[in-house]
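So this one's upload12.txt, compact mmCIF, C-alpha atoms:
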# COMPACT_ATOMS: atom_id res chain seq x y z
CA MET I 177 -21.33 -22.95 -19.46
CA PHE I 178 -21.73 -23.80 -23.13
CA LEU I 179 -23.59 -26.97 -22.18
CA GLN I 180 -26.00 -24.94 -20.08
CA LYS I 181 -26.72 -22.62 -23.03
CA LYS I 182 -26.77 -25.16 -25.88
CA LYS I 183 -28.40 -28.01 -23.91
CA ASN I 184 -26.78 -30.41 -26.36
CA PHE I 185 -23.42 -32.22 -26.39
CA THR I 186 -23.03 -32.05 -30.16
CA GLU I 187 -23.65 -28.30 -30.49
CA THR I 188 -21.40 -27.60 -27.50
CA ALA I 189 -18.58 -29.66 -29.03
CA LEU I 190 -18.83 -27.71 -32.31
CA GLN I 191 -18.88 -24.38 -30.44
CA ILE I 192 -15.70 -24.95 -28.43
CA GLY I 193 -13.82 -27.10 -30.97
CA TYR I 194 -13.68 -30.42 -29.13
CA ALA I 195 -14.88 -33.85 -30.12
CA GLN I 196 -18.23 -34.80 -28.60
CA SER I 197 -16.69 -37.93 -27.12
CA THR I 198 -14.10 -35.82 -25.26
CA ILE I 199 -16.77 -33.66 -23.65
CA THR I 200 -18.90 -36.67 -22.73
CA THR I 201 -15.91 -38.42 -21.16
CA GLN I 202 -14.86 -35.36 -19.14
CA ILE I 203 -18.37 -34.89 -17.78
CA LYS I 204 -18.63 -38.56 -16.88
CA LEU I 205 -15.30 -38.41 -15.02
CA LEU I 206 -16.41 -35.28 -13.15
CA GLU I 207 -19.73 -36.88 -12.16
CA GLU I 208 -17.88 -39.96 -10.90
CA GLU I 209 -15.47 -37.82 -8.88
CA LEU I 210 -18.29 -35.80 -7.30
CA GLY I 211 -20.45 -38.89 -6.83
CA THR I 212 -23.57 -37.33 -8.34
CA PRO I 213 -25.07 -36.74 -11.80
CA LEU I 214 -24.71 -33.18 -13.07
CA PHE I 215 -26.95 -33.41 -16.14
CA GLU I 216 -30.21 -35.10 -16.98
CA ARG I 217 -30.20 -36.68 -20.46
CA LEU I 218 -33.62 -36.18 -22.01
CA GLY I 219 -33.13 -37.61 -25.46
CA LYS I 220 -30.86 -35.17 -27.34
CA THR I 221 -31.47 -32.47 -24.75
CA ILE I 222 -29.57 -32.09 -21.48
CA VAL I 223 -30.48 -30.02 -18.42
CA LEU I 224 -28.66 -29.40 -15.16
CA THR I 225 -29.59 -31.45 -12.12
CA ALA I 226 -29.84 -29.80 -8.70
CA ALA I 227 -26.19 -30.76 -8.11
CA GLY I 228 -25.27 -29.25 -11.48
CA GLN I 229 -26.99 -26.00 -10.51
CA ARG I 230 -24.95 -25.89 -7.30
CA LEU I 231 -21.75 -26.50 -9.26
CA LEU I 232 -22.47 -23.79 -11.85
CA PRO I 233 -21.31 -20.68 -9.87
CA TYR I 234 -18.06 -22.43 -8.98
CA ALA I 235 -17.52 -23.32 -12.63
CA LYS I 236 -18.01 -19.66 -13.59
CA ASP I 237 -15.49 -18.65 -10.94
CA MET I 238 -12.98 -21.15 -12.34
CA VAL I 239 -13.39 -19.74 -15.85
CA GLN I 240 -12.80 -16.20 -14.56
CA LEU I 241 -9.76 -17.37 -12.62
CA GLU I 242 -8.36 -19.04 -15.73
CA HIS I 243 -8.72 -15.75 -17.63
CA LYS I 244 -6.91 -13.88 -14.85
CA ILE I 245 -4.08 -16.42 -14.79
CA ILE I 246 -3.59 -16.19 -18.55
CA SER I 247 -3.68 -12.38 -18.37
CA HIS I 248 -1.37 -11.82 -15.40
CA VAL I 249 0.98 -14.76 -14.87
CA PRO I 250 2.98 -15.00 -18.15
CA GLU I 251 5.94 -12.64 -18.47
CA SER I 252 5.56 -9.71 -20.85
CA GLU I 253 7.91 -7.06 -22.19
CA SER I 254 6.14 -4.37 -20.15
CA PRO I 255 5.83 -4.90 -16.37
CA SER I 256 2.24 -5.34 -15.26
CA GLY I 257 0.29 -6.51 -12.26
CA THR I 258 -0.63 -5.29 -8.80
CA LEU I 259 1.85 -4.22 -6.14
CA LYS I 260 0.90 -4.39 -2.47
CA ILE I 261 2.66 -1.45 -0.80
CA GLY I 262 2.57 -0.48 2.86
CA VAL I 263 3.06 3.22 3.63
CA ALA I 264 1.73 4.07 7.12
CA GLU I 265 4.80 5.29 9.02
CA SER I 266 3.06 5.25 12.41
CA LEU I 267 2.55 1.48 12.16
CA CYS I 268 5.71 0.47 10.33
CA TYR I 269 7.91 -0.62 13.21
CA THR I 270 5.28 -2.80 14.84
CA LYS I 271 3.33 -4.09 11.85
CA PHE I 272 5.30 -4.25 8.62
CA PRO I 273 7.89 -6.97 9.46
CA LYS I 274 5.07 -9.46 10.05
CA LEU I 275 3.20 -8.34 6.92
CA LEU I 276 6.30 -8.67 4.76
CA GLN I 277 7.23 -12.06 6.23
CA GLU I 278 3.75 -13.37 5.52
CA GLY I 279 3.87 -12.05 1.95
CA LEU I 280 0.88 -9.75 2.47
CA LEU I 281 2.93 -6.81 1.16
CA ASP I 282 5.46 -6.70 -1.68
CA PHE I 283 7.40 -3.92 0.04
CA VAL I 284 7.03 -1.00 2.42
CA TYR I 285 7.75 2.66 1.74
CA THR I 286 8.30 4.57 4.95
CA ILE I 287 9.45 7.98 6.17
CA ASN I 288 10.78 7.34 9.64
CA THR I 289 13.93 6.93 11.68
CA ALA I 290 16.40 4.66 9.87
CA TYR I 291 15.35 1.00 9.91
CA LYS I 292 17.87 -1.85 9.92
CA ASP I 293 17.20 -5.58 10.14
CA ASP I 294 19.12 -8.52 8.67
CA ASN I 295 15.85 -10.08 7.49
CA PHE I 296 15.13 -7.16 5.14
CA LEU I 297 16.74 -5.44 2.17
CA ILE I 298 16.70 -1.66 1.75
CA PRO I 299 17.20 -0.88 -1.96
CA TYR I 300 16.33 2.79 -1.48
CA SER I 301 17.29 5.09 1.41
CA GLN I 302 17.27 8.88 1.36
CA PRO I 303 17.69 11.42 4.22
CA GLU I 304 14.62 13.60 4.77
CA SER I 305 13.95 16.77 6.76
CA LEU I 306 11.59 16.78 9.75
CA ASP I 307 10.56 20.40 10.30
CA PHE I 308 8.34 22.80 12.17
CA LEU I 309 5.90 24.30 9.64
CA VAL I 310 3.73 27.33 10.29
CA SER I 311 1.66 30.01 8.60
CA PRO I 312 3.77 32.89 7.17
CA ASN I 313 2.07 35.12 9.78
CA HIS I 314 3.16 33.07 12.79
CA PRO I 315 5.16 35.13 15.36
CA LEU I 316 8.08 32.68 15.36
CA THR I 317 8.82 33.38 11.67
CA GLN I 318 10.42 36.62 12.86
CA CYS I 319 13.00 34.77 14.95
CA LYS I 320 16.50 34.25 13.56
CA MET I 321 16.65 30.92 15.39
CA VAL I 322 13.99 28.84 17.16
CA VAL I 323 14.68 26.33 19.96
CA GLU I 324 12.65 24.07 22.23
CA GLU I 325 11.77 26.82 24.73
CA ASP I 326 10.19 28.83 21.89
CA ILE I 327 8.18 25.91 20.53
CA ALA I 328 6.73 25.07 23.95
CA LYS I 329 4.99 28.46 24.11
CA TYR I 330 2.69 27.78 21.15
CA PRO I 331 0.03 25.17 20.24
CA LEU I 332 1.50 22.10 18.54
CA LEU I 333 -0.11 20.11 15.72
CA LEU I 334 1.25 16.57 16.08
CA THR I 335 0.92 13.13 14.55
CA ASP I 336 -0.77 10.33 16.50
CA ALA I 337 0.62 8.75 19.66
CA ASN I 338 2.29 5.81 17.87
CA CYS I 339 4.24 7.98 15.43
CA ASN I 340 7.97 8.35 15.96
CA PHE I 341 7.89 12.02 14.92
CA ARG I 342 5.74 12.89 17.91
CA ILE I 343 7.68 10.58 20.23
CA MET I 344 11.03 12.17 19.29
CA LEU I 345 9.76 15.71 19.83
CA LEU I 346 8.01 15.08 23.15
CA SER I 347 11.06 13.17 24.44
CA ASP I 348 13.26 16.13 23.50
CA LEU I 349 10.98 18.60 25.28
CA ALA I 350 10.75 16.34 28.34
CA ARG I 351 14.56 16.12 28.62
CA LYS I 352 14.59 19.90 28.84
CA GLY I 353 11.83 19.92 31.45
CA LEU I 354 9.35 21.55 29.08
CA THR I 355 5.65 20.86 28.70
CA CYS I 356 3.82 21.58 25.47
CA LYS I 357 0.36 22.55 24.31
CA ILE I 358 -0.99 19.94 21.92
CA ALA I 359 -3.82 21.56 19.96
CA LEU I 360 -4.37 18.66 17.54
CA GLU I 361 -3.17 15.10 17.06
CA THR I 362 -3.99 13.08 13.94
CA SER I 363 -2.35 10.67 11.53
CA SER I 364 -3.48 12.86 8.61
CA LYS I 365 -0.69 15.11 7.33
CA GLU I 366 -3.26 16.96 5.21
CA ILE I 367 -5.21 18.00 8.30
CA LEU I 368 -2.05 19.05 10.12
CA LYS I 369 -0.98 21.17 7.15
CA ARG I 370 -4.41 22.77 6.83
CA PHE I 371 -4.52 23.74 10.52
CA ALA I 372 -0.99 25.14 10.40
CA ALA I 373 -1.69 27.16 7.23
CA ASN I 374 -4.76 28.64 8.93
CA GLY I 375 -2.68 29.83 11.88
CA HIS I 376 -3.81 27.28 14.48
CA GLY I 377 -0.40 26.04 15.55
CA ILE I 378 2.95 24.50 14.61
CA ALA I 379 2.91 21.33 12.52
CA PHE I 380 5.84 18.95 13.10
CA ILE I 381 6.02 16.83 9.94
CA PRO I 382 8.47 15.89 7.14
CA SER I 383 8.90 18.69 4.63
CA ILE I 384 8.55 16.19 1.78
CA THR I 385 4.87 15.85 2.71
CA ALA I 386 4.33 19.61 2.32
CA GLN I 387 6.23 20.40 -0.89
CA ASN I 388 3.25 22.11 -2.55
CA GLU I 389 2.46 24.26 0.49
CA LEU I 390 6.10 25.31 0.87
CA ALA I 391 6.26 26.14 -2.82
CA ASP I 392 3.17 28.39 -2.75
CA HIS I 393 4.23 29.86 0.64
CA SER I 394 1.05 28.88 2.46
CA LEU I 395 3.48 27.20 4.90
CA VAL I 396 7.03 28.14 5.90
CA LYS I 397 9.76 26.36 7.85
CA LEU I 398 10.88 27.77 11.16
CA LYS I 399 14.64 28.26 11.46
CA TRP I 400 15.30 25.46 13.89
CA GLY I 401 18.36 25.54 16.16
CA GLY I 402 17.43 22.83 18.64
CA MET I 403 17.95 19.08 18.66
CA GLN I 404 18.06 17.46 15.24
CA PHE I 405 15.58 14.73 14.31
CA PRO I 406 17.15 12.52 11.61
CA ILE I 407 14.70 10.56 9.47
CA MET I 408 14.92 8.63 6.21
CA SER I 409 12.61 7.70 3.39
CA GLN I 410 13.20 3.99 2.77
CA ILE I 411 11.89 1.16 0.66
CA ILE I 412 12.03 -2.08 2.64
CA ILE I 413 11.55 -5.60 1.29
CA HIS I 414 11.98 -9.06 2.74
CA LYS I 415 15.34 -10.56 1.80
CA ASN I 416 13.69 -13.71 0.37
CA LYS I 417 11.11 -11.82 -1.68
CA LEU I 418 11.12 -12.63 -5.40
CA ILE I 419 11.85 -9.32 -7.15
CA MET I 420 9.35 -9.20 -10.01
CA PRO I 421 9.78 -6.80 -12.99
CA GLU I 422 6.88 -4.64 -11.82
CA ILE I 423 8.63 -4.08 -8.46
CA GLU I 424 11.87 -3.03 -10.16
CA ALA I 425 9.89 -0.76 -12.50
CA PHE I 426 8.20 0.96 -9.55
CA TRP I 427 11.53 1.54 -7.81
CA HIS I 428 12.99 3.05 -10.98
CA ILE I 429 10.00 5.36 -11.44
CA TYR I 430 10.05 6.44 -7.79
CA GLU I 431 13.79 7.09 -7.75
CA THR I 432 13.53 9.16 -10.95
CA PHE I 433 10.61 11.15 -9.50
CA SER I 434 12.48 11.75 -6.22
CA GLN I 435 15.45 13.19 -8.09
CA ASN I 436 13.24 15.37 -10.27
CA PRO I 437 10.18 16.35 -8.18

Could I get this file's structure written as structure tokens?
Amino acid sequence: MFLQKKKNFTETALQIGYAQSTITTQIKLLEEELGTPLFERLGKTIVLTAAGQRLLPYAKDMVQLEHKIISHVPESESPSGTLKIGVAESLCYTKFPKLLQEGLLDFVYTINTAYKDDNFLIPYSQPESLDFLVSPNHPLTQCKMVVEEDIAKYPLLLTDANCNFRIMLLSDLARKGLTCKIALETSSKEILKRFAANGHGIAFIPSITAQNELADHSLVKLKWGGMQFPIMSQIIIHKNKLIMPEIEAFWHIYETFSQNP
């Protein structure tokens, strides 16, 4: 890049602190390796050949990559870097083992039924509550106890077809010979909460995803007396994954936050 700007070996050498002979030798070796001249020597002036122009964007990319390596690879006292985290519970069972094995994710955070596999480590596992959430004005809030037969009478707001929450509930209702009225199905918990708060049905989602709404009483839990639906929040990582400081730092922050929401 300096050669392109200065158009002179001597000035370039002074600018970057190398001997002119070193620069000349390196360019000659590169031209021999590529099998084509990269510069035209016009007296004391040099200009890029057509091949040199084609090489230039790659050279810029290499310089940027060098800067990134120097910035991110060496260890530092404070953890830094980018973590690749998978969090979509509806896809976890079918997708995340492959993604973790291929190194495309550092770890997965999931709220789902308990996951166990000898190929993975689970450094964090916490029981969660899967509940029926409704508007404070919903008729079922007046019941001392709600069971499957009660739920089947009202519109349900459910997660998508691949989600275990939905599968567990529909299987439970089917075992009791009950059919249900599905008013909405979506992977978005925010949409499910909004519809439930506006009185459009019963949302069946983990309470941890509706902490704010439960706190301000825009949503309330029904007093459930039917089948229990055990789920866990878990962090899952491949057993051979190198545990970098930034991963450990994230776990520590998350665990602290979970204990003090």

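Distances from I:Thr289, I:Thr335, I:Ser305, I:Asn313 to Leu360 of chain I were compared using only C-alpha atoms, and the smallest one belongs to I:Thr335.
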
- Which is closer to Ile343 of chain I than all the others in I:Leu309, I:Asp237, I:Phe405, I:His428, using all atoms listed in the file?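 Ranked by minimum distance to Ile343 of chain I, first place goes to I:Phe405.
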
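Between Pro406 of chain I and the residues I:Met420, I:Leu306, I:Val239, I:Leu218, the shortest atom-to-atom distance, using all atoms listed in the file, involves I:Leu306.
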
Can you write out as a Markdown table which residues of segment 281-345 of chain I fall within 7 Å of segment 380-398 of chain I, alongside each residue's closest atom pair and its distance in Å to one decimal, counting only C-alpha atoms and ordering rows by chain and ascending residue number?
| residue | atom | partner | partner_atom | distance |
| --- | --- | --- | --- | --- |
| I:Glu304 | CA | I:Pro382 | CA | 7.0 |
| I:Ser305 | CA | I:Pro382 | CA | 5.6 |
| I:Leu306 | CA | I:Pro382 | CA | 4.2 |
| I:Asp307 | CA | I:Phe380 | CA | 5.7 |
| I:Phe308 | CA | I:Phe380 | CA | 4.7 |
| I:Leu309 | CA | I:Lys397 | CA | 4.7 |
| I:Val310 | CA | I:Leu395 | CA | 5.4 |
| I:Ser311 | CA | I:Leu395 | CA | 5.0 |
| I:Pro312 | CA | I:Val396 | CA | 5.9 |
| I:Thr317 | CA | I:Leu398 | CA | 6.0 |
| I:Val322 | CA | I:Leu398 | CA | 6.8 |
| I:Leu333 | CA | I:Phe380 | CA | 6.6 |
| I:Leu334 | CA | I:Phe380 | CA | 6.0 |

- Atomic separation - atom CA of Ile367 of chain I relative to atom CA of Arg351 of chain I, Å: 28.4 Å

- Task: Rank I:Lys399, I:Pro331, I:Thr225, I:Leu418 by their smallest atom-to-atom distance to Gln318 of chain I, using only C-alpha atoms, and report the top residue only.
- Result: I:Lys399

- Item | Atomic distance atom CA of Asp348 of chain I - atom CA of Met403 of chain I, expressed in Å with one decimal | 7.4 Å

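Of the listed residues (I:Met238, I:Leu297, I:Leu205, I:Cys319), I:Leu297 comes nearest to Lys417 of chain I; the distances count all atoms listed in the file.
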
- Message: Could you check the closest approach to Asp294 of chain I for each of I:Lys415, I:Lys220, I:Lys320, I:Arg230 and tell me which residue wins, using only C-alpha atoms?
- Response: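 Using only C-alpha atoms, the shortest distance to Asp294 of chain I belongs to I:Lys415.
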
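Atom CA of Ile298 of chain I is positioned 26.0 Å from atom CA of Leu345 of chain I.
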
Near Lys292 of chain I, counting only C-alpha atoms, which residues have an atom at most 12 Å away, once you skip same-chain residues fewer than 2 positions from it, shown as a compact mmCIF listing (two decimals) with C-alpha atoms, keeping the file's coordinate frame?
# COMPACT_ATOMS: atom_id res chain seq x y z
CA TYR I 269 7.91 -0.62 13.21
CA PRO I 273 7.89 -6.97 9.46
CA ASN I 288 10.78 7.34 9.64
CA THR I 289 13.93 6.93 11.68
CA ALA I 290 16.40 4.66 9.87
CA ASP I 294 19.12 -8.52 8.67
CA ASN I 295 15.85 -10.08 7.49
CA PHE I 296 15.13 -7.16 5.14
CA LEU I 297 16.74 -5.44 2.17
CA ILE I 298 16.70 -1.66 1.75
CA PRO I 299 17.20 -0.88 -1.96
CA SER I 301 17.29 5.09 1.41
CA MET I 408 14.92 8.63 6.21
CA GLN I 410 13.20 3.99 2.77
CA ILE I 411 11.89 1.16 0.66
CA ILE I 412 12.03 -2.08 2.64
CA ILE I 413 11.55 -5.60 1.29
CA HIS I 414 11.98 -9.06 2.74

- Non-local contacts of Ala337 of chain I (10 Å; only C-alpha atoms; under 5 positions in same chain excluded) as a PyMOL selection string: chain I and resi 266+342-343+361-363

Kindly export the residues of the current selection with C-alpha atoms, as a CSV table (one decimal), in the frame of the given file.
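The resulting file, again.csv, is shown below:
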chain,number,residue,atom,x,y,z
I,266,SER,CA,3.1,5.2,12.4
I,342,ARG,CA,5.7,12.9,17.9
I,343,ILE,CA,7.7,10.6,20.2
I,361,GLU,CA,-3.2,15.1,17.1
I,362,THR,CA,-4.0,13.1,13.9
I,363,SER,CA,-2.4,10.7,11.5
